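Chemist: This structure is in structure tokens; I'll ask about it shortly.
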Amino acid sequence: MHHGRIEVRTSGKVETVEVTDQISEEIRRSKVREGLCTVSVLHTTAGVFVNENADPDVQRDLLGALERMVPSDARYAHAEGNSPGHIKAVLTGSSVTLAVRAGALELGRWQGVYLAEFDGPRIRSASITCIGEVEG
Amino acid sequence: MHHGRIEVRTSGKVETVEVTDQISEEIRRSKVREGLCTVSVLHTTAGVFVNENADPDVQRDLLGALERMVPSDARYAHAEGNSPGHIKAVLTGSSVTLAVRAGALELGRWQGVYLAEFDGPRIRSASITCIGEVEG
Amino acid sequence: MHHGRIEVRTSGKVETVEVTDQISEEIRRSKVREGLCTVSVLHTTAGVFVNENADPDVQRDLLGALERMVPSDARYAHAEGNSPGHIKAVLTGSSVTLAVRAGALELGRWQGVYLAEFDGPRIRSASITCIGEVEG
């Protein structure tokens, strides 16, 4: 059992930031060899998801599609003006749980873990929990 | 290890109901101090997600955006007529896993856990599983 | 603690394949009686989600709605041409965590676990992790 925290400083209104290395570092610290790792963002206009980390155009297309699905210029009731950010956060999800195998995050060949900023720029925090068999 | 169940009686066709307190009560019962808590809704036209619980307009905007993305009046094959409910449930997700720290659900300042009703009113159940280190 | 792997051979460009039985078989092998089971797809144009497995029209309507939300013929930057697959994978999610109770996956009456193929046909793998109390 290990609890950690990662921080990301985002630089745009809407962007994705790969956090795979930061999570891997927390898993190393946890000494968990076989188990689960949960990553939860602690904000309501940011998300966490897993997808391709090879071609940055994939992230660009994802953000473009979310903007078409949840247009900034639609009518929203929430007075702060960041409703699209809240809605995109629900669509991408705020937490992922992944396997830890042989002391490392188990991901497919092209997968990376991303924090999605939908109302930046800000400093964002995510909670990391590693649970399972610890090296002995 | 603790398994619990929460119930929610919804009152509208489509609405969100905050269940943070009910989950917190299950965590207290579990006596888990440090670990994970998984919440899974046991239905196919309801979802579970984490988002802002301060301004109710955020929930209203979320439901409005989902209705625009999955219109009730589009053409669907499923004869029961509740396909939009199934689709919205997939978009929001049916389960969330969050950290338990110092015996409490770890959430950000503005976060709450919500059950989303997409084909109500009904009585909805969610399964709660708490795993980790128990107070000694 | 048990790590397993399931494989699915998809036959269409876009389809969903129920994997509930394959996951249940992994849980049996794990001998976990009470705990959690995480299923993570190891690809970036495939998803995992829980929804109705009674009427196949529900799956058809879901895929139709995703196509309307993320049209194949919109303009995308990613040169491989499968951006809609990546985006749909983020919308459905790449991982689910569910309760294991009395040695079986805890699901509602109408729920099944699905692998969603968004750029097939291909052979797809998902990682299964079961954690908790083992039968003694």
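Residues are referred to by chain and number: the chain letter is A, B, ... according to the order shown in the structure tokens, the number counts from 1 in that chain, and ligands are numbered separately from 1 in the order shown.
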Pick out each residue of chain B that DSSP on the backbone tags as strand (DSSP E or B); I need them as a PyMOL selection string.

Modeler: chain B and resi 2-9+15-18+32-41+46-52+95-101+104-105+111-117+123-134

Chemist: Do you have, as a Markdown table, the list of residues of chain B lying at most 8 Å from chain C, each with its nearest atom pair and that distance in Å to one decimal, counting only C-alpha atoms and ordered by chain then number?

Modeler:
```
| residue | atom | partner | partner_atom | distance |
| --- | --- | --- | --- | --- |
| B:Met1 | CA | C:Gly35 | CA | 6.8 |
| B:Thr38 | CA | C:Thr97 | CA | 7.2 |
| B:Ser40 | CA | C:Leu98 | CA | 6.7 |
| B:Val41 | CA | C:Gly108 | CA | 7.9 |
| B:Leu42 | CA | C:Gly108 | CA | 4.2 |
| B:His43 | CA | C:Gly108 | CA | 5.7 |
| B:Thr44 | CA | C:Asn51 | CA | 5.0 |
| B:Met69 | CA | C:Met69 | CA | 6.6 |
| B:Val70 | CA | C:Ala65 | CA | 6.7 |
| B:Tyr76 | CA | C:Asp61 | CA | 5.8 |
| B:Ala77 | CA | C:Asp57 | CA | 5.6 |
| B:His78 | CA | C:Asp57 | CA | 4.9 |
| B:Ser83 | CA | C:Val58 | CA | 6.3 |
| B:His86 | CA | C:Asn51 | CA | 7.1 |
| B:Ile87 | CA | C:Leu62 | CA | 5.4 |
| B:Ala89 | CA | C:Asn51 | CA | 7.9 |
| B:Val90 | CA | C:Thr92 | CA | 6.1 |
| B:Leu91 | CA | C:Thr92 | CA | 5.8 |
| B:Gly93 | CA | C:Thr92 | CA | 7.3 |
| B:Ser94 | CA | C:Val50 | CA | 6.7 |
| B:Ser95 | CA | C:Thr97 | CA | 6.9 |
| B:Val96 | CA | C:Thr97 | CA | 7.6 |
| B:Thr97 | CA | C:Thr97 | CA | 7.2 |
| B:Ser127 | CA | C:Ala99 | CA | 7.5 |
| B:Ile128 | CA | C:Ala99 | CA | 7.9 |
| B:Thr129 | CA | C:Ala99 | CA | 6.4 |
| B:Ile131 | CA | C:Gly35 | CA | 7.2 |
```

Chemist: Among chain B, which residues carry a DSSP assignment of alpha helix (DSSP H), reported as a ChimeraX atom specification?

Modeler: /B:20-30,56-69,83-92

Chemist: Dump N, CA, C and O atoms for the selected residues as a short mmCIF file (atom, residue, chain, number, x, y, z; two decimals), in the first residue's frame?

Modeler:
```cif
data_model
loop_
_atom_site.label_atom_id
_atom_site.label_comp_id
_atom_site.auth_asym_id
_atom_site.auth_seq_id
_atom_site.Cartn_x
_atom_site.Cartn_y
_atom_site.Cartn_z
N THR B 20 -21.86 10.73 -2.37
CA THR B 20 -20.60 10.78 -1.62
C THR B 20 -20.78 10.35 -0.17
O THR B 20 -19.98 9.55 0.35
N ASP B 21 -21.81 10.85 0.49
CA ASP B 21 -22.01 10.53 1.91
C ASP B 21 -22.30 9.05 2.12
O ASP B 21 -21.82 8.44 3.08
N GLN B 22 -23.08 8.46 1.23
CA GLN B 22 -23.39 7.03 1.36
C GLN B 22 -22.12 6.18 1.19
O GLN B 22 -21.92 5.19 1.88
N ILE B 23 -21.26 6.59 0.28
CA ILE B 23 -20.00 5.87 0.09
C ILE B 23 -19.11 6.04 1.31
O ILE B 23 -18.49 5.08 1.79
N SER B 24 -19.07 7.26 1.83
CA SER B 24 -18.23 7.53 3.01
C SER B 24 -18.68 6.67 4.19
O SER B 24 -17.85 6.18 4.97
N GLU B 25 -19.99 6.49 4.32
CA GLU B 25 -20.53 5.66 5.40
C GLU B 25 -20.06 4.20 5.23
O GLU B 25 -19.68 3.54 6.21
N GLU B 26 -20.06 3.70 4.01
CA GLU B 26 -19.58 2.33 3.76
C GLU B 26 -18.08 2.20 4.09
O GLU B 26 -17.63 1.18 4.60
N ILE B 27 -17.33 3.25 3.78
CA ILE B 27 -15.89 3.22 4.10
C ILE B 27 -15.70 3.18 5.61
O ILE B 27 -14.87 2.42 6.12
N ARG B 28 -16.49 3.96 6.33
CA ARG B 28 -16.41 3.91 7.80
C ARG B 28 -16.69 2.50 8.30
O ARG B 28 -15.95 1.96 9.13
N ARG B 29 -17.74 1.89 7.79
CA ARG B 29 -18.08 0.52 8.20
C ARG B 29 -16.97 -0.48 7.88
O ARG B 29 -16.78 -1.46 8.58
N SER B 30 -16.29 -0.24 6.77
CA SER B 30 -15.27 -1.20 6.32
C SER B 30 -14.05 -1.20 7.22
O SER B 30 -13.27 -2.14 7.23
N PRO B 56 -25.27 23.42 -8.58
CA PRO B 56 -26.12 22.43 -9.27
C PRO B 56 -26.24 22.69 -10.77
O PRO B 56 -26.59 21.78 -11.52
N ASP B 57 -25.93 23.91 -11.21
CA ASP B 57 -25.97 24.20 -12.65
C ASP B 57 -24.98 23.35 -13.43
O ASP B 57 -25.17 23.10 -14.62
N VAL B 58 -23.89 22.93 -12.78
CA VAL B 58 -22.92 22.08 -13.48
C VAL B 58 -23.58 20.76 -13.88
O VAL B 58 -23.43 20.29 -15.01
N GLN B 59 -24.35 20.18 -12.96
CA GLN B 59 -25.04 18.93 -13.27
C GLN B 59 -26.08 19.15 -14.37
O GLN B 59 -26.24 18.33 -15.27
N ARG B 60 -26.79 20.28 -14.29
CA ARG B 60 -27.79 20.60 -15.32
C ARG B 60 -27.12 20.73 -16.70
O ARG B 60 -27.62 20.20 -17.69
N ASP B 61 -25.98 21.41 -16.75
CA ASP B 61 -25.29 21.58 -18.03
C ASP B 61 -24.78 20.23 -18.55
O ASP B 61 -24.80 19.98 -19.76
N LEU B 62 -24.33 19.39 -17.65
CA LEU B 62 -23.86 18.06 -18.06
C LEU B 62 -24.99 17.26 -18.70
O LEU B 62 -24.84 16.70 -19.79
N LEU B 63 -26.15 17.24 -18.04
CA LEU B 63 -27.29 16.48 -18.58
C LEU B 63 -27.76 17.09 -19.90
O LEU B 63 -28.12 16.35 -20.83
N GLY B 64 -27.71 18.41 -20.02
CA GLY B 64 -28.09 19.06 -21.28
C GLY B 64 -27.13 18.69 -22.41
O GLY B 64 -27.56 18.42 -23.53
N ALA B 65 -25.85 18.68 -22.10
CA ALA B 65 -24.85 18.35 -23.13
C ALA B 65 -25.01 16.88 -23.57
O ALA B 65 -24.92 16.56 -24.76
N LEU B 66 -25.25 16.00 -22.61
CA LEU B 66 -25.45 14.58 -22.97
C LEU B 66 -26.69 14.43 -23.86
O LEU B 66 -26.69 13.64 -24.81
N GLU B 67 -27.74 15.19 -23.57
CA GLU B 67 -28.95 15.12 -24.40
C GLU B 67 -28.65 15.61 -25.82
O GLU B 67 -29.14 15.02 -26.79
N ARG B 68 -27.82 16.65 -25.95
CA ARG B 68 -27.48 17.11 -27.31
C ARG B 68 -26.62 16.08 -28.03
O ARG B 68 -26.75 15.89 -29.24
N MET B 69 -25.73 15.39 -27.29
CA MET B 69 -24.85 14.40 -27.91
C MET B 69 -25.61 13.12 -28.27
O MET B 69 -25.26 12.44 -29.23
N SER B 83 -32.58 3.48 -25.51
CA SER B 83 -31.20 3.46 -25.99
C SER B 83 -30.37 4.67 -25.57
O SER B 83 -29.21 4.52 -25.18
N PRO B 84 -30.93 5.88 -25.61
CA PRO B 84 -30.13 7.01 -25.14
C PRO B 84 -29.62 6.80 -23.71
O PRO B 84 -28.50 7.19 -23.39
N GLY B 85 -30.42 6.18 -22.87
CA GLY B 85 -29.98 5.89 -21.50
C GLY B 85 -28.80 4.94 -21.46
O GLY B 85 -27.84 5.14 -20.70
N HIS B 86 -28.84 3.91 -22.28
CA HIS B 86 -27.70 2.97 -22.34
C HIS B 86 -26.44 3.68 -22.83
O HIS B 86 -25.35 3.49 -22.29
N ILE B 87 -26.60 4.51 -23.84
CA ILE B 87 -25.44 5.17 -24.46
C ILE B 87 -24.83 6.19 -23.48
O ILE B 87 -23.61 6.25 -23.30
N LYS B 88 -25.68 6.96 -22.81
CA LYS B 88 -25.18 7.92 -21.82
C LYS B 88 -24.47 7.19 -20.67
O LYS B 88 -23.49 7.70 -20.12
N ALA B 89 -24.97 6.02 -20.31
CA ALA B 89 -24.33 5.24 -19.24
C ALA B 89 -22.92 4.83 -19.65
O ALA B 89 -21.98 4.86 -18.84
N VAL B 90 -22.75 4.45 -20.93
CA VAL B 90 -21.41 4.08 -21.39
C VAL B 90 -20.50 5.32 -21.40
O VAL B 90 -19.33 5.25 -21.01
N LEU B 91 -21.03 6.47 -21.80
CA LEU B 91 -20.22 7.69 -21.87
C LEU B 91 -19.75 8.15 -20.49
O LEU B 91 -18.61 8.59 -20.33
N THR B 92 -20.63 8.07 -19.49
CA THR B 92 -20.22 8.50 -18.14
C THR B 92 -19.42 7.41 -17.45
O THR B 92 -18.58 7.72 -16.60
#
```
